[in-house]
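Q: Please see the structure below; I have some questions.
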Amino acid sequence: MTKNAPARYHPSQVTFHWLTVVLLFVMFPLGTFMSRLPNDAGKITLLTVHTILGSIILIIIIARFINRFRLPRPAHATAGNVFLDWIGKVVHYLLYMLVFLMVVSGISLSLQASLLPIIFGRSGAALPADFYVFVTRMLHGVIAPMLALLIVLHVGAALYHQFVLNDNLLSRMWYKKKTGDQ
Ligand code: HEM
């Protein structure tokens with residue numbers, strides 16, 4: 001990272017980051033709740049919400065990734081340990097990758113199971129009796145806990161920086177408070 005690296009993330013990156021957090025916070029319980037329901041007509045509204053929010057996440061994650069290379073960003077945080085710093089970088093890339101795979105497996109499942117005409121076209125066709133006949137459903141279900149684990153690691157690292165190293169790392173992922181703030 002250059003000497004001129006900013007002290008905090010660009011406001012668009014901050015917005016995308018916290019929007020992703022909110023959306024993932026909704027998507028995990030929603031997906032888990034849905035998967036326990038029978039595949040009858042009562043599930044269609046939840047599937048519609050899940051699909052729309054998932055598609056919004058896809059747009060945000062692509063925008064974030066493009067911004068990552070387009071905008072200057074703060075130097076990579078250091079915990080004072082080369083290995084931990086390396087893990088931090090890997091976790092960031094894996095987060096992007098797994099969120100992306102989660103969305104792609106969800107969209108592939110919708111296509112395989114012909115869900116789009118049912119949920120958006122209101123075609124009246126019945127949902128497949130069991131989504132697990134589709135390999136993409138297995139993938140979606142396997143990636144979900146892996147992503148959840150990475151999120152726990154990511155949050156744990158942020159809290160470690162904030163409250164153990166006391167380096168106020170979280171302020172980098174928030175908006176500038178007043179003129180004069182870097
Ligand atoms: C980052 C985005 C997403 C997250 C975090 C997410 C999360 C989840 C979770 C946790 C489950 C339950 C997994 C399980 O218990 O095995 C699930 C199921 C499901 N998701 Fe997603 N999902 C995402 C994106 C999508 C997208 C974009 C679509 C469709 C376009 C989609 C369609 C589905 C479907 C059809 C199910 C199966 C529900 C069932 O088994 O009854 N998901 N999702």
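Letters A, B, ... mark the chains of the structure tokens in the order given; residue numbers begin at 1 per chain; ligand numbers begin at 1, in order shown.
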Please identify all polymer residues within 12 Å of Met146 (chain A), counting only C-alpha atoms, omitting same-chain residues fewer than 3 positions from it, and present them as a list in words.
A: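 My list of contacting residues is Val91, Leu94, Leu95, Met97, Leu98, Val99, Leu101, Met102, Leu139, His140, Gly141, Val142, Ile143, Leu149, Leu150, Ile151, Val152 and Leu153 of chain A.
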Q: Grab the residues selected above and save them as a compact mmCIF listing (two decimals), in the first residue's frame with all heavy atoms.
A:
# COMPACT_ATOMS: atom_id res chain seq x y z
N VAL A 91 -8.89 -14.25 4.69
CA VAL A 91 -10.30 -14.24 5.11
C VAL A 91 -11.09 -13.22 4.29
O VAL A 91 -12.20 -13.49 3.84
CB VAL A 91 -10.44 -13.97 6.63
CG1 VAL A 91 -11.87 -13.63 7.01
CG2 VAL A 91 -9.97 -15.19 7.43
N LEU A 94 -11.70 -14.71 0.89
CA LEU A 94 -12.63 -15.83 0.99
C LEU A 94 -14.06 -15.34 1.24
O LEU A 94 -15.03 -15.94 0.76
CB LEU A 94 -12.22 -16.79 2.11
CG LEU A 94 -11.05 -17.72 1.78
CD1 LEU A 94 -10.71 -18.59 2.99
CD2 LEU A 94 -11.37 -18.61 0.58
N LEU A 95 -14.17 -14.25 2.00
CA LEU A 95 -15.51 -13.70 2.25
C LEU A 95 -16.17 -13.29 0.93
O LEU A 95 -17.32 -13.66 0.67
CB LEU A 95 -15.44 -12.48 3.18
CG LEU A 95 -15.39 -12.77 4.68
CD1 LEU A 95 -15.07 -11.49 5.46
CD2 LEU A 95 -16.70 -13.36 5.18
N MET A 97 -15.45 -14.42 -1.98
CA MET A 97 -15.67 -15.59 -2.80
C MET A 97 -16.89 -16.39 -2.35
O MET A 97 -17.73 -16.79 -3.14
CB MET A 97 -14.42 -16.47 -2.74
CG MET A 97 -14.28 -17.39 -3.91
SD MET A 97 -12.71 -18.24 -3.77
CE MET A 97 -13.19 -19.64 -2.80
N LEU A 98 -17.00 -16.59 -1.02
CA LEU A 98 -18.10 -17.43 -0.53
C LEU A 98 -19.46 -16.73 -0.66
O LEU A 98 -20.46 -17.37 -0.95
CB LEU A 98 -17.86 -17.88 0.91
CG LEU A 98 -16.74 -18.92 1.09
CD1 LEU A 98 -16.83 -19.56 2.47
CD2 LEU A 98 -16.78 -20.01 0.05
N VAL A 99 -19.49 -15.41 -0.44
CA VAL A 99 -20.76 -14.69 -0.64
C VAL A 99 -21.17 -14.85 -2.11
O VAL A 99 -22.31 -15.15 -2.43
CB VAL A 99 -20.66 -13.20 -0.26
CG1 VAL A 99 -21.93 -12.45 -0.64
CG2 VAL A 99 -20.39 -13.03 1.23
N LEU A 101 -20.27 -17.24 -4.20
CA LEU A 101 -20.69 -18.63 -4.49
C LEU A 101 -22.07 -18.92 -3.91
O LEU A 101 -22.85 -19.69 -4.47
CB LEU A 101 -19.67 -19.61 -3.90
CG LEU A 101 -18.33 -19.68 -4.65
CD1 LEU A 101 -17.40 -20.67 -3.96
CD2 LEU A 101 -18.56 -20.10 -6.10
N MET A 102 -22.35 -18.31 -2.76
CA MET A 102 -23.67 -18.50 -2.14
C MET A 102 -24.76 -17.98 -3.08
O MET A 102 -25.77 -18.65 -3.30
CB MET A 102 -23.66 -17.70 -0.83
CG MET A 102 -24.68 -18.10 0.18
SD MET A 102 -24.39 -19.73 0.77
CE MET A 102 -26.02 -20.13 1.31
N LEU A 139 -24.88 -27.68 -2.58
CA LEU A 139 -23.79 -26.68 -2.54
C LEU A 139 -24.20 -25.50 -1.67
O LEU A 139 -23.45 -25.04 -0.81
CB LEU A 139 -23.46 -26.19 -3.96
CG LEU A 139 -22.68 -27.14 -4.84
CD1 LEU A 139 -22.51 -26.56 -6.23
CD2 LEU A 139 -21.30 -27.40 -4.22
N HIS A 140 -25.44 -25.01 -1.90
CA HIS A 140 -25.95 -23.85 -1.14
C HIS A 140 -25.91 -24.17 0.35
O HIS A 140 -25.49 -23.35 1.17
CB HIS A 140 -27.38 -23.57 -1.61
CG HIS A 140 -27.84 -22.15 -1.44
ND1 HIS A 140 -27.25 -21.09 -2.06
CD2 HIS A 140 -28.88 -21.64 -0.71
CE1 HIS A 140 -27.89 -19.98 -1.73
NE2 HIS A 140 -28.88 -20.28 -0.90
N GLY A 141 -26.30 -25.39 0.70
CA GLY A 141 -26.35 -25.80 2.10
C GLY A 141 -24.97 -26.05 2.70
O GLY A 141 -24.80 -25.94 3.91
N VAL A 142 -23.97 -26.40 1.85
CA VAL A 142 -22.62 -26.65 2.35
C VAL A 142 -21.85 -25.33 2.50
O VAL A 142 -21.10 -25.13 3.47
CB VAL A 142 -21.86 -27.62 1.39
CG1 VAL A 142 -20.38 -27.64 1.70
CG2 VAL A 142 -22.45 -29.02 1.48
N ILE A 143 -22.08 -24.42 1.54
CA ILE A 143 -21.35 -23.14 1.58
C ILE A 143 -21.85 -22.28 2.75
O ILE A 143 -21.07 -21.55 3.37
CB ILE A 143 -21.49 -22.38 0.24
CG1 ILE A 143 -20.91 -23.21 -0.90
CG2 ILE A 143 -20.75 -21.04 0.29
CD1 ILE A 143 -21.30 -22.70 -2.28
N LEU A 149 -18.97 -19.39 9.32
CA LEU A 149 -17.72 -19.51 10.10
C LEU A 149 -16.75 -18.36 9.78
O LEU A 149 -16.15 -17.77 10.68
CB LEU A 149 -17.08 -20.87 9.81
CG LEU A 149 -15.77 -21.15 10.54
CD1 LEU A 149 -16.02 -21.32 12.04
CD2 LEU A 149 -15.09 -22.39 10.00
N LEU A 150 -16.64 -18.06 8.49
CA LEU A 150 -15.75 -16.96 8.09
C LEU A 150 -16.22 -15.63 8.68
O LEU A 150 -15.41 -14.81 9.10
CB LEU A 150 -15.75 -16.82 6.57
CG LEU A 150 -14.76 -17.64 5.78
CD1 LEU A 150 -14.84 -17.24 4.32
CD2 LEU A 150 -13.33 -17.41 6.27
N ILE A 151 -17.55 -15.45 8.70
CA ILE A 151 -18.09 -14.20 9.26
C ILE A 151 -17.74 -14.11 10.75
O ILE A 151 -17.33 -13.06 11.24
CB ILE A 151 -19.62 -14.10 9.02
CG1 ILE A 151 -19.88 -13.95 7.51
CG2 ILE A 151 -20.22 -12.93 9.78
CD1 ILE A 151 -21.34 -14.01 7.10
N VAL A 152 -17.83 -15.24 11.45
CA VAL A 152 -17.47 -15.25 12.88
C VAL A 152 -16.00 -14.86 13.04
O VAL A 152 -15.64 -14.05 13.90
CB VAL A 152 -17.77 -16.64 13.49
CG1 VAL A 152 -17.17 -16.77 14.89
CG2 VAL A 152 -19.27 -16.90 13.54
N LEU A 153 -15.13 -15.43 12.18
CA LEU A 153 -13.69 -15.10 12.24
C LEU A 153 -13.46 -13.61 11.97
O LEU A 153 -12.68 -12.95 12.66
CB LEU A 153 -12.91 -15.90 11.19
CG LEU A 153 -12.59 -17.35 11.51
CD1 LEU A 153 -11.89 -18.00 10.32
CD2 LEU A 153 -11.68 -17.42 12.74
Q: Could you give me, as an MDAnalysis selection string, each residue of region 11-166 of chain A that DSSP assigns to helix (DSSP H, G or I) when run on this structure's backbone?
A: chainID A and resid 11:35 41:70 82:112 115:119 131:133 135:164
Q: Atoms to include: C-alpha atoms. Write the selected residues as a CSV table (one decimal), in the first residue's frame.
A:
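For reference, result.csv as written:
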chain,number,residue,atom,x,y,z
A,11,PRO,CA,-18.1,6.2,1.9
A,12,SER,CA,-19.4,4.0,-0.9
A,13,GLN,CA,-17.4,1.1,0.4
A,14,VAL,CA,-18.6,1.8,3.9
A,15,THR,CA,-22.2,1.8,2.7
A,16,PHE,CA,-21.8,-1.4,0.7
A,17,HIS,CA,-20.1,-3.1,3.6
A,18,TRP,CA,-22.9,-2.4,6.1
A,19,LEU,CA,-25.6,-3.1,3.6
A,20,THR,CA,-24.1,-6.5,3.0
A,21,VAL,CA,-24.0,-7.1,6.8
A,22,VAL,CA,-27.7,-6.2,7.1
A,23,LEU,CA,-28.7,-8.3,4.1
A,24,LEU,CA,-26.7,-11.4,5.3
A,25,PHE,CA,-28.1,-10.9,8.7
A,26,VAL,CA,-31.6,-11.4,7.2
A,27,MET,CA,-30.6,-14.0,4.6
A,28,PHE,CA,-29.2,-16.6,7.0
A,29,PRO,CA,-32.2,-17.0,9.3
A,30,LEU,CA,-34.6,-16.6,6.4
A,31,GLY,CA,-32.9,-19.4,4.4
A,32,THR,CA,-32.7,-21.7,7.4
A,33,PHE,CA,-36.3,-21.0,8.3
A,34,MET,CA,-37.5,-21.6,4.7
A,35,SER,CA,-35.6,-24.9,4.4
A,41,ALA,CA,-47.6,-22.5,-2.0
A,42,GLY,CA,-47.1,-20.9,1.4
A,43,LYS,CA,-43.4,-20.9,0.8
A,44,ILE,CA,-43.5,-18.8,-2.4
A,45,THR,CA,-43.5,-15.4,-0.7
A,46,LEU,CA,-40.4,-16.2,1.4
A,47,LEU,CA,-38.6,-17.7,-1.6
A,48,THR,CA,-39.4,-14.4,-3.5
A,49,VAL,CA,-37.9,-12.3,-0.7
A,50,HIS,CA,-34.9,-14.5,-0.4
A,51,THR,CA,-34.3,-14.4,-4.2
A,52,ILE,CA,-34.7,-10.6,-4.4
A,53,LEU,CA,-32.4,-9.9,-1.4
A,54,GLY,CA,-29.8,-12.5,-2.7
A,55,SER,CA,-29.8,-10.7,-6.1
A,56,ILE,CA,-29.2,-7.4,-4.4
A,57,ILE,CA,-26.3,-8.9,-2.5
A,58,LEU,CA,-24.8,-10.1,-5.9
A,59,ILE,CA,-25.0,-6.5,-7.3
A,60,ILE,CA,-23.4,-5.1,-4.1
A,61,ILE,CA,-20.6,-7.6,-4.0
A,62,ILE,CA,-19.7,-7.0,-7.6
A,63,ALA,CA,-19.8,-3.2,-7.0
A,64,ARG,CA,-17.6,-3.7,-3.9
A,65,PHE,CA,-15.1,-5.8,-5.7
A,66,ILE,CA,-14.8,-3.3,-8.6
A,67,ASN,CA,-14.5,-0.4,-6.1
A,68,ARG,CA,-11.8,-2.3,-4.3
A,69,PHE,CA,-9.5,-1.9,-7.3
A,70,ARG,CA,-10.8,1.5,-8.4
A,82,VAL,CA,2.9,-11.9,10.1
A,83,PHE,CA,0.8,-15.0,10.2
A,84,LEU,CA,-2.3,-13.4,11.6
A,85,ASP,CA,-2.0,-10.6,9.0
A,86,TRP,CA,-1.8,-13.1,6.3
A,87,ILE,CA,-4.9,-14.9,7.6
A,88,GLY,CA,-6.7,-11.6,7.7
A,89,LYS,CA,-6.0,-11.0,4.0
A,90,VAL,CA,-7.1,-14.6,3.1
A,91,VAL,CA,-10.3,-14.2,5.1
A,92,HIS,CA,-11.2,-11.0,3.2
A,93,TYR,CA,-10.8,-12.7,-0.2
A,94,LEU,CA,-12.6,-15.8,1.0
A,95,LEU,CA,-15.5,-13.7,2.3
A,96,TYR,CA,-16.0,-12.2,-1.2
A,97,MET,CA,-15.7,-15.6,-2.8
A,98,LEU,CA,-18.1,-17.4,-0.5
A,99,VAL,CA,-20.8,-14.7,-0.6
A,100,PHE,CA,-20.4,-14.8,-4.4
A,101,LEU,CA,-20.7,-18.6,-4.5
A,102,MET,CA,-23.7,-18.5,-2.1
A,103,VAL,CA,-25.5,-16.2,-4.5
A,104,VAL,CA,-24.4,-18.1,-7.6
A,105,SER,CA,-25.5,-21.5,-6.1
A,106,GLY,CA,-28.8,-19.9,-5.1
A,107,ILE,CA,-29.5,-18.5,-8.6
A,108,SER,CA,-28.4,-21.8,-10.2
A,109,LEU,CA,-30.8,-23.7,-7.9
A,110,SER,CA,-33.6,-21.4,-8.9
A,111,LEU,CA,-32.9,-22.1,-12.5
A,112,GLN,CA,-32.5,-25.8,-12.1
A,115,LEU,CA,-38.4,-21.3,-9.6
A,116,LEU,CA,-38.4,-18.0,-11.5
A,117,PRO,CA,-41.7,-18.5,-13.3
A,118,ILE,CA,-43.3,-19.8,-10.1
A,119,ILE,CA,-42.1,-16.9,-7.9
A,131,PHE,CA,-34.9,-29.2,-3.5
A,132,TYR,CA,-32.2,-31.7,-2.4
A,133,VAL,CA,-32.6,-33.6,-5.6
A,135,VAL,CA,-26.8,-30.6,-6.6
A,136,THR,CA,-26.9,-26.8,-6.3
A,137,ARG,CA,-29.1,-27.2,-3.2
A,138,MET,CA,-26.4,-29.3,-1.6
A,139,LEU,CA,-23.8,-26.7,-2.5
A,140,HIS,CA,-25.9,-23.9,-1.1
A,141,GLY,CA,-26.4,-25.8,2.1
A,142,VAL,CA,-22.6,-26.7,2.4
A,143,ILE,CA,-21.3,-23.1,1.6
A,144,ALA,CA,-23.7,-21.5,4.1
A,145,PRO,CA,-22.0,-22.8,7.3
A,146,MET,CA,-18.6,-22.2,5.8
A,147,LEU,CA,-19.6,-18.6,5.1
A,148,ALA,CA,-21.0,-18.3,8.6
A,149,LEU,CA,-17.7,-19.5,10.1
A,150,LEU,CA,-15.7,-17.0,8.1
A,151,ILE,CA,-18.1,-14.2,9.3
A,152,VAL,CA,-17.5,-15.3,12.9
A,153,LEU,CA,-13.7,-15.1,12.2
A,154,HIS,CA,-14.0,-11.7,10.6
A,155,VAL,CA,-16.1,-10.2,13.4
A,156,GLY,CA,-13.8,-11.8,16.0
A,157,ALA,CA,-10.8,-10.2,14.3
A,158,ALA,CA,-12.5,-6.8,14.2
A,159,LEU,CA,-13.4,-7.0,17.9
A,160,TYR,CA,-9.9,-8.1,18.8
A,161,HIS,CA,-8.5,-5.0,17.0
A,162,GLN,CA,-11.1,-2.7,18.5
A,163,PHE,CA,-11.0,-3.9,22.1
A,164,VAL,CA,-7.7,-5.8,22.7
Q: Using only C-alpha atoms and all ligand atoms, which of A:Ala79, A:Leu71, A:Ala129, A:Leu165 sits nearest ligand 1?
A: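 Comparing A:Ala79, A:Leu71, A:Ala129, A:Leu165 against ligand 1, the winner is A:Ala129.
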